[in-house]
Every structure is written in structure tokens, then in C-alpha cells.
file input-v6.tsv (TSV, C-alpha atoms and all ligand atoms)
chain	number	residue	atom	x	y	z
A	1	MET	CA	21.33	26.30	15.29
A	2	ASP	CA	18.66	25.71	17.91
A	3	ASP	CA	18.47	28.84	20.10
A	4	ARG	CA	17.84	26.77	23.22
A	5	LEU	CA	21.32	25.34	22.84
A	6	MET	CA	23.10	28.70	22.72
A	7	GLY	CA	24.41	30.90	25.52
A	8	ARG	CA	27.49	30.92	27.71
A	9	PRO	CA	28.00	29.82	31.28
A	10	GLU	CA	28.81	32.89	33.37
A	11	THR	CA	31.60	31.67	35.58
A	12	THR	CA	35.16	30.86	34.63
A	13	ASP	CA	35.70	28.28	37.35
A	14	ALA	CA	36.16	25.04	35.38
A	15	ARG	CA	34.19	22.73	37.64
A	16	ARG	CA	31.34	25.17	38.12
A	17	GLU	CA	31.33	25.73	34.37
A	18	ALA	CA	31.10	21.99	33.71
A	19	GLN	CA	28.26	21.73	36.22
A	20	LEU	CA	26.34	24.56	34.57
A	21	VAL	CA	26.89	23.18	31.10
A	22	PHE	CA	25.80	19.66	32.00
A	23	ASP	CA	22.79	21.00	33.91
A	24	GLN	CA	21.84	22.89	30.74
A	25	LEU	CA	22.51	19.88	28.55
A	26	ALA	CA	20.62	17.33	30.65
A	27	PRO	CA	17.21	17.56	28.90
A	28	GLU	CA	18.73	17.02	25.42
A	29	TYR	CA	21.72	14.88	26.34
A	30	ASP	CA	21.72	11.52	24.53
A	31	ARG	CA	18.08	11.97	23.55
A	32	SER	CA	18.38	12.75	19.82
A	33	ASP	CA	18.26	10.38	16.86
A	34	VAL	CA	22.07	10.17	17.05
A	35	GLU	CA	23.48	6.97	18.55
A	36	PHE	CA	26.79	7.14	20.35
A	37	PHE	CA	26.73	7.06	24.17
A	38	GLY	CA	24.22	4.21	24.45
A	39	PRO	CA	26.18	1.49	22.61
A	40	ILE	CA	29.41	2.58	24.32
A	41	GLY	CA	27.68	2.33	27.72
A	42	ALA	CA	26.48	-1.20	26.97
A	43	ARG	CA	29.94	-2.18	25.78
A	44	LEU	CA	31.50	-0.79	28.96
A	45	VAL	CA	29.17	-2.85	31.14
A	46	ALA	CA	30.23	-5.95	29.15
A	47	HIS	CA	33.92	-5.07	29.67
A	48	ALA	CA	33.24	-4.60	33.41
A	49	GLU	CA	31.73	-8.12	33.58
A	50	VAL	CA	28.94	-6.89	35.83
A	51	THR	CA	27.12	-9.86	37.32
A	52	PRO	CA	23.81	-10.34	39.18
A	53	GLY	CA	23.98	-9.10	42.76
A	54	ASP	CA	26.94	-6.73	42.20
A	55	ALA	CA	27.16	-3.31	43.84
A	56	VAL	CA	28.17	-0.86	41.09
A	57	LEU	CA	29.26	2.78	41.32
A	58	ASP	CA	28.82	4.69	38.05
A	59	VAL	CA	30.88	7.90	38.02
A	60	GLY	CA	29.58	10.79	35.88
A	61	CYS	CA	26.38	8.86	35.19
A	62	GLY	CA	24.81	11.52	32.96
A	63	ARG	CA	21.43	10.28	31.68
A	64	GLY	CA	22.37	6.67	32.41
A	65	ALA	CA	24.02	5.25	29.27
A	66	VAL	CA	26.09	2.98	31.54
A	67	LEU	CA	23.89	3.01	34.63
A	68	PHE	CA	20.79	1.45	33.03
A	69	PRO	CA	22.58	-1.48	31.32
A	70	ALA	CA	24.41	-2.00	34.63
A	71	ALA	CA	21.07	-2.01	36.49
A	72	HIS	CA	19.82	-4.80	34.21
A	73	ALA	CA	23.07	-6.73	34.69
A	74	VAL	CA	22.97	-6.58	38.52
A	75	GLY	CA	19.26	-7.41	38.62
A	76	GLU	CA	16.95	-6.90	41.56
A	77	GLY	CA	19.47	-8.39	43.98
A	78	GLY	CA	22.15	-5.86	43.09
A	79	LYS	CA	22.56	-2.12	43.39
A	80	VAL	CA	23.76	0.62	41.05
A	81	THR	CA	24.65	4.05	42.41
A	82	GLY	CA	25.12	6.85	39.90
A	83	ILE	CA	26.98	10.00	40.87
A	84	ASP	CA	27.25	13.18	38.85
A	85	LEU	CA	28.04	16.81	39.56
A	86	SER	CA	24.97	17.85	37.56
A	87	ARG	CA	21.77	17.87	39.61
A	88	ALA	CA	19.68	17.88	36.42
A	89	MET	CA	21.36	14.67	35.19
A	90	VAL	CA	20.82	13.00	38.58
A	91	GLU	CA	17.15	14.02	38.70
A	92	SER	CA	16.59	12.66	35.18
A	93	VAL	CA	18.16	9.31	36.09
A	94	LEU	CA	16.07	9.04	39.27
A	95	ALA	CA	12.89	9.85	37.34
A	96	GLU	CA	13.68	7.28	34.63
A	97	ALA	CA	14.54	4.62	37.22
A	98	ARG	CA	11.22	5.33	38.98
A	99	ASP	CA	9.31	5.11	35.68
A	100	LYS	CA	10.99	1.81	34.85
A	101	GLY	CA	10.45	0.45	38.36
A	102	LEU	CA	14.18	-0.17	38.85
A	103	GLN	CA	14.50	-0.25	42.62
A	104	GLN	CA	18.14	-1.28	42.40
A	105	VAL	CA	19.06	2.21	41.07
A	106	ASN	CA	20.06	5.21	43.15
A	107	ALA	CA	21.73	8.44	42.03
A	108	MET	CA	23.09	11.49	43.82
A	109	VAL	CA	25.00	14.70	43.21
A	110	MET	CA	28.62	14.01	44.11
A	111	GLU	CA	32.10	14.89	42.87
A	112	GLY	CA	33.57	12.04	40.84
A	113	ALA	CA	37.23	12.57	41.70
A	114	GLU	CA	36.92	11.31	45.28
A	115	PRO	CA	33.48	9.78	45.84
A	116	ALA	CA	32.44	9.94	49.50
A	117	PHE	CA	31.72	6.29	50.29
A	118	PRO	CA	33.34	3.96	52.84
A	119	PRO	CA	36.28	1.85	51.61
A	120	GLU	CA	35.43	-1.41	49.83
A	121	SER	CA	31.82	-0.41	49.11
A	122	PHE	CA	31.63	-1.64	45.50
A	123	ASP	CA	32.24	-4.70	43.33
A	124	VAL	CA	32.51	-2.60	40.16
A	125	ILE	CA	33.23	1.05	39.37
A	126	THR	CA	32.30	2.30	35.90
A	127	GLY	CA	32.87	5.68	34.29
A	128	GLY	CA	31.47	6.18	30.80
A	129	MET	CA	33.00	9.08	28.87
A	130	SER	CA	33.36	11.00	32.14
A	131	VAL	CA	36.45	10.16	34.19
A	132	HIS	CA	38.85	11.48	31.52
A	133	MET	CA	37.49	14.94	32.40
A	134	LEU	CA	38.84	14.74	35.95
A	135	ALA	CA	42.13	16.32	36.93
A	136	ASP	CA	44.89	14.25	38.59
A	137	ILE	CA	44.01	10.83	37.17
A	138	PRO	CA	46.64	8.95	39.28
A	139	ARG	CA	44.86	10.16	42.46
A	140	VAL	CA	41.48	9.28	41.00
A	141	PHE	CA	42.69	5.70	40.33
A	142	GLN	CA	43.87	5.48	43.97
A	143	ALA	CA	40.48	6.68	45.23
A	144	TYR	CA	38.65	4.10	43.10
A	145	HIS	CA	40.98	1.32	44.26
A	146	ARG	CA	40.07	2.12	47.89
A	147	LEU	CA	36.35	1.99	47.09
A	148	LEU	CA	36.53	-1.42	45.43
A	149	ARG	CA	36.27	-4.67	47.32
A	150	PRO	CA	39.09	-7.18	46.79
A	151	GLY	CA	38.43	-8.81	43.42
A	152	GLY	CA	36.52	-5.71	42.26
A	153	ARG	CA	36.74	-4.26	38.75
A	154	LEU	CA	37.22	-0.80	37.30
A	155	ALA	CA	36.00	-0.06	33.75
A	156	LEU	CA	36.23	3.32	32.05
A	157	SER	CA	35.57	4.57	28.53
A	158	ALA	CA	36.85	7.75	26.93
A	159	PRO	CA	36.96	9.45	23.56
A	160	VAL	CA	40.26	9.08	21.73
A	161	THR	CA	41.88	11.43	19.28
A	162	VAL	CA	44.22	9.77	16.84
A	163	ASP	CA	47.40	11.42	15.67
A	164	ASP	CA	48.09	9.19	12.73
A	165	PRO	CA	47.46	9.91	9.91
A	166	ALA	CA	45.71	13.06	11.19
A	167	PRO	CA	43.91	14.06	14.38
A	168	GLU	CA	40.18	13.32	14.47
A	169	VAL	CA	37.49	14.03	17.05
A	170	PHE	CA	34.17	12.20	16.72
A	171	GLY	CA	35.59	10.72	13.53
A	172	LEU	CA	36.15	14.10	11.85
A	173	ARG	CA	39.21	16.24	11.16
A	174	SER	CA	37.09	19.39	10.97
A	175	ILE	CA	36.13	18.96	14.67
A	176	ALA	CA	39.75	18.18	15.56
A	177	ARG	CA	40.77	21.47	13.89
A	178	LEU	CA	38.20	23.34	16.00
A	179	CYS	CA	39.54	21.64	19.13
A	180	ALA	CA	43.09	22.57	18.19
A	181	ALA	CA	42.06	26.20	17.81
A	182	HIS	CA	39.82	26.52	20.89
A	183	ASN	CA	40.39	23.68	23.33
A	184	ALA	CA	43.53	25.04	24.99
A	185	GLY	CA	43.04	25.25	28.72
A	186	SER	CA	39.35	24.43	28.57
A	187	GLY	CA	39.71	20.84	29.72
A	188	ILE	CA	36.83	19.93	27.41
A	189	TYR	CA	38.44	17.26	25.31
A	190	PRO	CA	41.64	15.36	25.72
A	191	TYR	CA	43.25	16.51	22.52
A	192	ALA	CA	46.10	14.21	23.39
A	193	GLU	CA	45.19	10.73	24.59
A	194	ALA	CA	42.64	10.12	27.34
A	195	PHE	CA	44.25	9.16	30.68
A	196	GLY	CA	47.59	9.86	28.97
A	197	GLY	CA	47.05	6.81	26.74
A	198	ALA	CA	47.99	3.24	27.58
A	199	ARG	CA	51.61	4.31	28.22
A	200	GLN	CA	50.50	6.49	31.13
A	201	ALA	CA	47.30	4.78	32.28
A	202	LEU	CA	48.74	1.30	32.81
A	203	PRO	CA	51.60	2.35	35.13
A	204	ASP	CA	49.21	4.71	36.97
A	205	LEU	CA	46.75	1.84	37.51
A	206	ARG	CA	49.50	-0.48	38.75
A	207	ALA	CA	50.84	2.23	41.08
A	208	ALA	CA	47.31	2.55	42.54
A	209	GLY	CA	47.31	-1.20	43.25
A	210	PHE	CA	45.33	-2.52	40.26
A	211	THR	CA	46.30	-5.68	38.37
A	212	GLU	CA	45.31	-7.16	35.03
A	213	ALA	CA	45.03	-3.66	33.65
A	214	THR	CA	44.31	-3.16	29.96
A	215	ALA	CA	43.78	-0.03	27.87
A	216	ARG	CA	42.50	-0.77	24.40
A	217	GLU	CA	40.89	1.14	21.59
A	218	GLU	CA	37.79	-0.17	19.84
A	219	PRO	CA	35.81	1.46	17.06
A	220	ALA	CA	32.42	2.95	17.86
A	221	PHE	CA	30.02	4.22	15.21
A	222	ILE	CA	28.24	7.53	15.47
A	223	THR	CA	25.02	7.22	13.50
A	224	ALA	CA	22.72	10.08	12.53
A	225	ASP	CA	19.83	10.57	10.12
A	226	SER	CA	21.54	13.49	8.36
A	227	PRO	CA	24.56	15.84	8.52
A	228	GLU	CA	22.22	18.43	10.08
A	229	SER	CA	21.16	16.13	12.92
A	230	PHE	CA	24.81	15.14	13.47
A	231	LEU	CA	25.69	18.84	13.75
A	232	LEU	CA	22.86	19.52	16.19
A	233	TRP	CA	24.06	16.57	18.28
A	234	THR	CA	27.47	18.25	18.70
A	235	TRP	CA	25.66	20.87	20.81
A	236	THR	CA	24.02	18.32	23.11
A	237	HIS	CA	27.12	17.04	24.95
A	238	GLY	CA	30.50	18.32	26.16
A	239	MET	CA	31.37	19.71	22.74
A	240	ARG	CA	28.93	22.51	23.48
A	241	ARG	CA	31.68	24.04	25.63
A	242	LEU	CA	33.87	24.11	22.56
A	243	TRP	CA	31.17	25.72	20.41
A	244	GLU	CA	30.79	28.46	22.99
A	245	ARG	CA	34.39	29.50	22.30
A	246	VAL	CA	33.86	29.79	18.55
A	247	SER	CA	32.94	33.23	17.19
A	248	ASP	CA	29.67	33.63	15.26
A	249	ARG	CA	31.64	34.38	12.10
A	250	GLU	CA	33.76	31.27	12.43
A	251	ARG	CA	30.79	29.15	13.43
A	252	ALA	CA	29.04	29.28	10.06
A	253	ALA	CA	32.17	28.13	8.22
A	254	ALA	CA	32.88	25.42	10.83
A	255	GLU	CA	29.32	24.10	10.59
A	256	ALA	CA	29.55	23.91	6.79
A	257	ASP	CA	32.89	22.08	7.08
A	258	ILE	CA	31.53	19.56	9.58
A	259	LYS	CA	28.40	18.80	7.55
A	260	ALA	CA	30.41	18.35	4.34
A	261	GLU	CA	33.00	16.14	6.01
A	262	ALA	CA	30.36	14.06	7.80
A	263	ARG	CA	28.70	13.36	4.46
A	264	ALA	CA	32.00	12.66	2.68
A	265	ARG	CA	33.34	10.30	5.37
A	266	SER	CA	30.12	8.49	6.17
A	267	LYS	CA	30.28	4.73	5.67
A	268	ARG	CA	26.79	4.86	4.20
A	269	THR	CA	25.15	7.17	1.72
A	270	ASP	CA	21.56	7.03	3.06
A	271	ARG	CA	22.57	8.16	6.57
A	272	ILE	CA	25.61	9.31	8.51
A	273	VAL	CA	27.76	6.54	9.98
A	274	LEU	CA	31.12	7.72	11.32
A	275	PRO	CA	33.65	5.34	12.84
A	276	THR	CA	35.49	6.79	15.81
A	277	PRO	CA	37.85	5.09	18.26
A	278	VAL	CA	36.91	4.75	21.93
A	279	MET	CA	39.36	3.83	24.67
A	280	TYR	CA	38.31	1.23	27.26
A	281	VAL	CA	40.39	0.95	30.41
A	282	VAL	CA	39.71	-2.16	32.52
A	283	ALA	CA	41.53	-3.20	35.70
A	284	SER	CA	41.01	-5.35	38.79
A	285	ARG	CA	41.73	-4.94	42.47
A	286	PRO	CA	43.42	-8.21	43.40
A	287	ASP	CA	41.70	-10.62	45.75
A	288	ALA	CA	42.90	-10.23	49.33
A	301	LIG	C1	29.97	13.01	28.53
A	301	LIG	S1	28.92	12.82	29.94
A	301	LIG	C2	28.83	11.03	30.07
A	301	LIG	C3	27.57	10.60	30.76
A	301	LIG	C4	27.30	9.09	30.74
A	301	LIG	N1	28.25	8.36	31.57
A	301	LIG	C5	27.30	8.55	29.32
A	301	LIG	O1	28.11	7.66	29.02
A	301	LIG	O2	26.49	9.04	28.53
A	301	LIG	C6	29.95	13.25	31.27
A	301	LIG	C7	29.20	13.34	32.61
A	301	LIG	O3	30.19	13.51	33.63
A	301	LIG	C8	29.71	14.47	34.55
A	301	LIG	N2	30.88	15.05	35.22
A	301	LIG	C9	31.81	15.88	34.68
A	301	LIG	N3	32.72	16.21	35.60
A	301	LIG	C10	32.37	15.56	36.75
A	301	LIG	C11	32.91	15.52	38.07
A	301	LIG	N4	34.01	16.20	38.38
A	301	LIG	N5	32.27	14.77	39.00
A	301	LIG	C12	31.13	14.08	38.70
A	301	LIG	N6	30.58	14.10	37.47
A	301	LIG	C13	31.18	14.83	36.51
A	301	LIG	C14	28.91	15.45	33.73
A	301	LIG	O4	28.00	16.20	34.49
A	301	LIG	C15	28.25	14.52	32.71
A	301	LIG	O5	26.99	14.09	33.15
call {"tool": "encode", "arguments": {"input": "input-v6.tsv", "output": "C-alpha cells", "more": "lines below"}}
Ligand SMILES: C[S@@+](CC[C@H](N)C(=O)[O-])C[C@H]1O[C@@H](n2cnc3c(N)ncnc32)[C@H](O)[C@@H]1O
result
Amino acid sequence: MDDRLMGRPETTDARREAQLVFDQLAPEYDRSDVEFFGPIGARLVAHAEVTPGDAVLDVGCGRGAVLFPAAHAVGEGGKVTGIDLSRAMVESVLAEARDKGLQQVNAMVMEGAEPAFPPESFDVITGGMSVHMLADIPRVFQAYHRLLRPGGRLALSAPVTVDDPAPEVFGLRSIARLCAAHNAGSGIYPYAEAFGGARQALPDLRAAGFTEATAREEPAFITADSPESFLLWTWTHGMRRLWERVSDRERAAAEADIKAEARARSKRTDRIVLPTPVMYVVASRPDA
């Protein structure tokens, strides 16, 4: 394992820990040969029906997997504001937007649970693989409803674990087993369903005032050049927090398991292609 990706955050406070981890991850996050966050971000922007001129808030923007496709969709007449609790993520997004000459992009360090903007500031709120990490989802939905203009849209994506026929995380049972053993209380991955699943999310959205709410699963494909690069990728995003709970002794066996299962379950033999379900939650604030 790459030594730069090792080491534990020092505090036990969950939010501070997440901030430290994502600050640490920012340089490597979504920058390997492994494809996952990018296609999901583009799909989320399509679900959100972002149109030219829209004002978009992207919660937990990370390195911009949602924010940059949204910036193209709104065009020069629109505006995309990314917020993230990680300063390193925000600085990376600002630097990339500058390099690409995207003047419609802004990003700032801000808590995603209750973003500090005036009511009715946005046409669209997106959250790619981020909002499921927030506590008290019903309150979060209420906060987002307030921030949307009448007719505005909310679109969120989240990883899904499936219970039938057996739990999987990132398309693998070996990672689900690690989660089952080490995830308790960490808030890293929703071992149960993200947002409580459709059964919970839809009533919560309606209670917050949203209409036309849907929560659907679609397959995404994680692609990697090799089992080794897939394994390295698992250290470059939130799963790093899980790895940090695994003892050195257990780690070697877990790594071998993951590599073997990735190869065995890949849809192709010349590279790793793992199907994994992603949940998309889409809802609208009714027109006044
Ligand atoms: C898995 S990444 C997703 C990033 C990006 N949206 C994507 O699709 O690649 C989750 C992001 O959410 C951010 N995040 C986690 N908790 C947050 C919070 N409470 N407020 C704001 N951002 C948060 C992390 O710093 C990280 O950048």
C-alpha cells in the first residue's frame, strides 16, 4: 500500500475527522485510472435537468465530479457554487475552474447540512455521493427546500448496499464484510440504505415540502486497469476511514480477498469492471 495514503486522523470528533480525511484525500481523490465518481456526477446533472442560466448549489463538491458538468450545463450565463467542509477540496476546485476559465464557478468551505445562503437562492441543489454522510436527513431536506426557488430541483446520489442476495459495497462482498466488521458508529458508509432508502426518503422529502420525488437505483460501473489499481483506489475516497480501522494483520488478508473477488466478479477479463448500484434521489419544490 502507498505510504502516503496511510496514517490516522488524530481526533475522534466525527466531523473534524471527516474534514481531516478529505483534506488528506484531496490530492488523490478521483484522480486515478479508476472511473466511478465522474460518470455518476454527469448522470446526476442529467437527472437534475440543469439548464443554461441556472444557479446551482453543489453540496460536498469534492474535486468537482458534479460541479464541472453542472458548470457546462449552466453555461456562462449561469452560476455554480460548490461547498465542502474540506478546504483542500475547495482550493482544488477553484484552481481547476481558474485553469479552465470557468467564471461561472465559485467554491467555498461551508457545512453542507445547513448552507448559509438566503432563502430561494438556487434553481438546483445537487449533492453527489456526499449528502448521505450528513446526520438528520429530514432537517437537511428542509434546509434545501428553503434554499430552492419555487420550481427548483434537488438531485442527490449515494452509494447503495444491497441486502439481497448478499450485501455488497462497491460491487464486492469482501468490502461489505469489512464494513460489517468495522463500520459501526463510524458514519463512513450507510451499511443500510442511503437516506433510509426510498421508504424513508420519499416521506421525508414530502414532509419538507418537495413534490414529484423519486428515489431510484441505477447501476454504475467501477472500472480499473487491474485489481491492484482498484485496491489502491479504495484508499483514495471515504473508504480510507474504514481501512484505518482495520489492523495490519487483517489488512493483508482483506486486500488479498478484495483483489481476488474483483478479478472473479469483473465483467471483463482484460480489466476490472464491477457493477454497483447507485441511488439517485430527485425532487422538486413546487411552483408558487
Ligand atoms: C465522496 S466525496 C464526493 C465528492 C463529489 N461530490 C463527487 O461526487 O466526487 C464527499 C465530499 O463531501 C464532503 N463532505 C463530507 N461531509 C460534509 C459536510 N458535513 N459538509 C460539507 N461537505 C462535506 C467531503 O469533504 C467530500 O469532499
call {"tool": "residues_near_ligand", "arguments": {"input": "input-v6.tsv", "ligand": "ligand LIG 301 (chain A)", "cutoff": "9 Å", "atoms": "all atoms listed in the file", "output": "NGL selection string"}}
result
:A and (15 or 18-23 or 25-26 or 29-30 or 36-38 or 40-41 or 58-67 or 83-90 or 109-115 or 126-135 or 157-158 or 237-239)
call {"tool": "atom_distance", "arguments": {"input": "input-v6.tsv", "atom1": "CA of Asp204 in chain A", "atom2": "CA of His145 in chain A"}}
result
11.5 Å
call {"tool": "closest_residue", "arguments": {"input": "input-v6.tsv", "among": "A:Glu261, A:Thr236, A:Thr276, A:Trp243", "to": "Ser32 in chain A", "atoms": "all atoms listed in the file"}}
result
A:Thr236
call {"tool": "closest_residue", "arguments": {"input": "input-v6.tsv", "among": "A:Arg16, A:Arg268, A:Arg285, A:Arg216", "to": "Pro159 in chain A", "atoms": "all atoms listed in the file"}}
result
A:Arg216
call {"tool": "closest_residue", "arguments": {"input": "input-v6.tsv", "among": "A:Phe117, A:Glu218, A:Ala224, A:Tyr280", "to": "Ala198 in chain A", "atoms": "all atoms listed in the file"}}
result
A:Tyr280
call {"tool": "atom_distance", "arguments": {"input": "input-v6.tsv", "atom1": "CA of Pro119 in chain A", "atom2": "CA of Val93 in chain A"}}
result
25.0 Å
call {"tool": "residues_around", "arguments": {"input": "input-v6.tsv", "residues": "range 69-81 of chain A", "least_positions_apart": "3", "cutoff": "7 Å", "atoms": "all atoms listed in the file", "output": "VMD selection string"}}
result
chain A and resid 42 45 50 to 58 66 104 to 107
call {"tool": "residues_around", "arguments": {"input": "input-v6.tsv", "residues": "Arg199 in chain A", "least_positions_apart": "5", "cutoff": "12 Å", "atoms": "all atoms listed in the file", "output": "VMD selection string"}}
result
chain A and resid 193 to 194 204 to 206 213 to 216 281
call {"tool": "atom_distance", "arguments": {"input": "input-v6.tsv", "atom1": "CA of Gly197 in chain A", "atom2": "CA of Arg245 in chain A"}}
result
26.4 Å
call {"tool": "closest_residue", "arguments": {"input": "input-v6.tsv", "among": "A:Leu172, A:Ala46, A:Ala207, A:Leu178", "to": "Val273 in chain A", "atoms": "only C-alpha atoms"}}
result
A:Leu172
call {"tool": "closest_residue", "arguments": {"input": "input-v6.tsv", "among": "A:Ser247, A:Asn183, A:Ser266, A:Ser121", "to": "Phe221 in chain A", "atoms": "all atoms listed in the file"}}
result
A:Ser266
call {"tool": "residues_around", "arguments": {"input": "input-v6.tsv", "residues": "Ala262 in chain A", "least_positions_apart": "5", "cutoff": "12 Å", "atoms": "all atoms listed in the file", "output": "count of residues only"}}
result
30
call {"tool": "residues_near_point", "arguments": {"input": "input-v6.tsv", "point": "(39.1, -4.9, 41.8)", "cutoff": "12 Å", "atoms": "only C-alpha atoms", "output": "number ranges by chain"}}
result
A: 48-50, 56, 120-126, 141-142, 144-155, 205-206, 208-213, 282-288
call {"tool": "closest_residue", "arguments": {"input": "input-v6.tsv", "among": "A:Glu17, A:Ala254, A:Pro165, A:Phe68", "to": "Lys100 in chain A", "atoms": "all atoms listed in the file"}}
result
A:Phe68
call {"tool": "build_atoms", "arguments": {"input": "input-v6.tsv", "residues": "range 143-162 of chain A", "atoms": "N, CA and C atoms", "output": "PDB file, in the frame of the given file"}}
result
ATOM      1  N   ALA A 143      41.771   6.562  44.525  1.00  0.00           N
ATOM      2  CA  ALA A 143      40.480   6.680  45.230  1.00  0.00           C
ATOM      3  C   ALA A 143      39.561   5.522  44.837  1.00  0.00           C
ATOM      4  N   TYR A 144      39.534   5.168  43.557  1.00  0.00           N
ATOM      5  CA  TYR A 144      38.650   4.100  43.100  1.00  0.00           C
ATOM      6  C   TYR A 144      39.131   2.734  43.634  1.00  0.00           C
ATOM      7  N   HIS A 145      40.435   2.572  43.712  1.00  0.00           N
ATOM      8  CA  HIS A 145      40.980   1.320  44.260  1.00  0.00           C
ATOM      9  C   HIS A 145      40.502   1.131  45.700  1.00  0.00           C
ATOM     10  N   ARG A 146      40.526   2.209  46.482  1.00  0.00           N
ATOM     11  CA  ARG A 146      40.070   2.120  47.890  1.00  0.00           C
ATOM     12  C   ARG A 146      38.596   1.742  47.983  1.00  0.00           C
ATOM     13  N   LEU A 147      37.809   2.219  47.027  1.00  0.00           N
ATOM     14  CA  LEU A 147      36.350   1.990  47.090  1.00  0.00           C
ATOM     15  C   LEU A 147      35.947   0.593  46.636  1.00  0.00           C
ATOM     16  N   LEU A 148      36.866  -0.084  45.936  1.00  0.00           N
ATOM     17  CA  LEU A 148      36.530  -1.420  45.430  1.00  0.00           C
ATOM     18  C   LEU A 148      36.840  -2.488  46.474  1.00  0.00           C
ATOM     19  N   ARG A 149      35.979  -3.506  46.485  1.00  0.00           N
ATOM     20  CA  ARG A 149      36.270  -4.670  47.320  1.00  0.00           C
ATOM     21  C   ARG A 149      37.386  -5.478  46.666  1.00  0.00           C
ATOM     22  N   PRO A 150      38.110  -6.291  47.424  1.00  0.00           N
ATOM     23  CA  PRO A 150      39.090  -7.180  46.790  1.00  0.00           C
ATOM     24  C   PRO A 150      38.405  -8.002  45.703  1.00  0.00           C
ATOM     25  N   GLY A 151      39.042  -8.106  44.555  1.00  0.00           N
ATOM     26  CA  GLY A 151      38.430  -8.810  43.420  1.00  0.00           C
ATOM     27  C   GLY A 151      37.555  -7.901  42.572  1.00  0.00           C
ATOM     28  N   GLY A 152      37.393  -6.638  42.987  1.00  0.00           N
ATOM     29  CA  GLY A 152      36.520  -5.710  42.260  1.00  0.00           C
ATOM     30  C   GLY A 152      37.138  -5.224  40.955  1.00  0.00           C
ATOM     31  N   ARG A 153      36.283  -4.667  40.088  1.00  0.00           N
ATOM     32  CA  ARG A 153      36.740  -4.260  38.750  1.00  0.00           C
ATOM     33  C   ARG A 153      36.434  -2.797  38.469  1.00  0.00           C
ATOM     34  N   LEU A 154      37.377  -2.189  37.764  1.00  0.00           N
ATOM     35  CA  LEU A 154      37.220  -0.800  37.300  1.00  0.00           C
ATOM     36  C   LEU A 154      37.102  -0.825  35.786  1.00  0.00           C
ATOM     37  N   ALA A 155      36.131  -0.112  35.213  1.00  0.00           N
ATOM     38  CA  ALA A 155      36.000  -0.060  33.750  1.00  0.00           C
ATOM     39  C   ALA A 155      35.602   1.350  33.328  1.00  0.00           C
ATOM     40  N   LEU A 156      36.434   1.935  32.477  1.00  0.00           N
ATOM     41  CA  LEU A 156      36.230   3.320  32.050  1.00  0.00           C
ATOM     42  C   LEU A 156      36.253   3.395  30.523  1.00  0.00           C
ATOM     43  N   SER A 157      35.450   4.295  29.965  1.00  0.00           N
ATOM     44  CA  SER A 157      35.570   4.570  28.530  1.00  0.00           C
ATOM     45  C   SER A 157      35.882   6.040  28.344  1.00  0.00           C
ATOM     46  N   ALA A 158      36.494   6.350  27.206  1.00  0.00           N
ATOM     47  CA  ALA A 158      36.850   7.750  26.930  1.00  0.00           C
ATOM     48  C   ALA A 158      36.998   7.950  25.435  1.00  0.00           C
ATOM     49  N   PRO A 159      36.717   9.173  24.973  1.00  0.00           N
ATOM     50  CA  PRO A 159      36.960   9.450  23.560  1.00  0.00           C
ATOM     51  C   PRO A 159      38.460   9.510  23.290  1.00  0.00           C
ATOM     52  N   VAL A 160      38.841   9.112  22.099  1.00  0.00           N
ATOM     53  CA  VAL A 160      40.260   9.080  21.730  1.00  0.00           C
ATOM     54  C   VAL A 160      40.453   9.991  20.526  1.00  0.00           C
ATOM     55  N   THR A 161      41.523  10.749  20.519  1.00  0.00           N
ATOM     56  CA  THR A 161      41.880  11.430  19.280  1.00  0.00           C
ATOM     57  C   THR A 161      43.089  10.693  18.719  1.00  0.00           C
ATOM     58  N   VAL A 162      43.121  10.533  17.431  1.00  0.00           N
ATOM     59  CA  VAL A 162      44.220   9.770  16.840  1.00  0.00           C
ATOM     60  C   VAL A 162      45.150  10.732  16.099  1.00  0.00           C
TER      61      VAL A 162
END
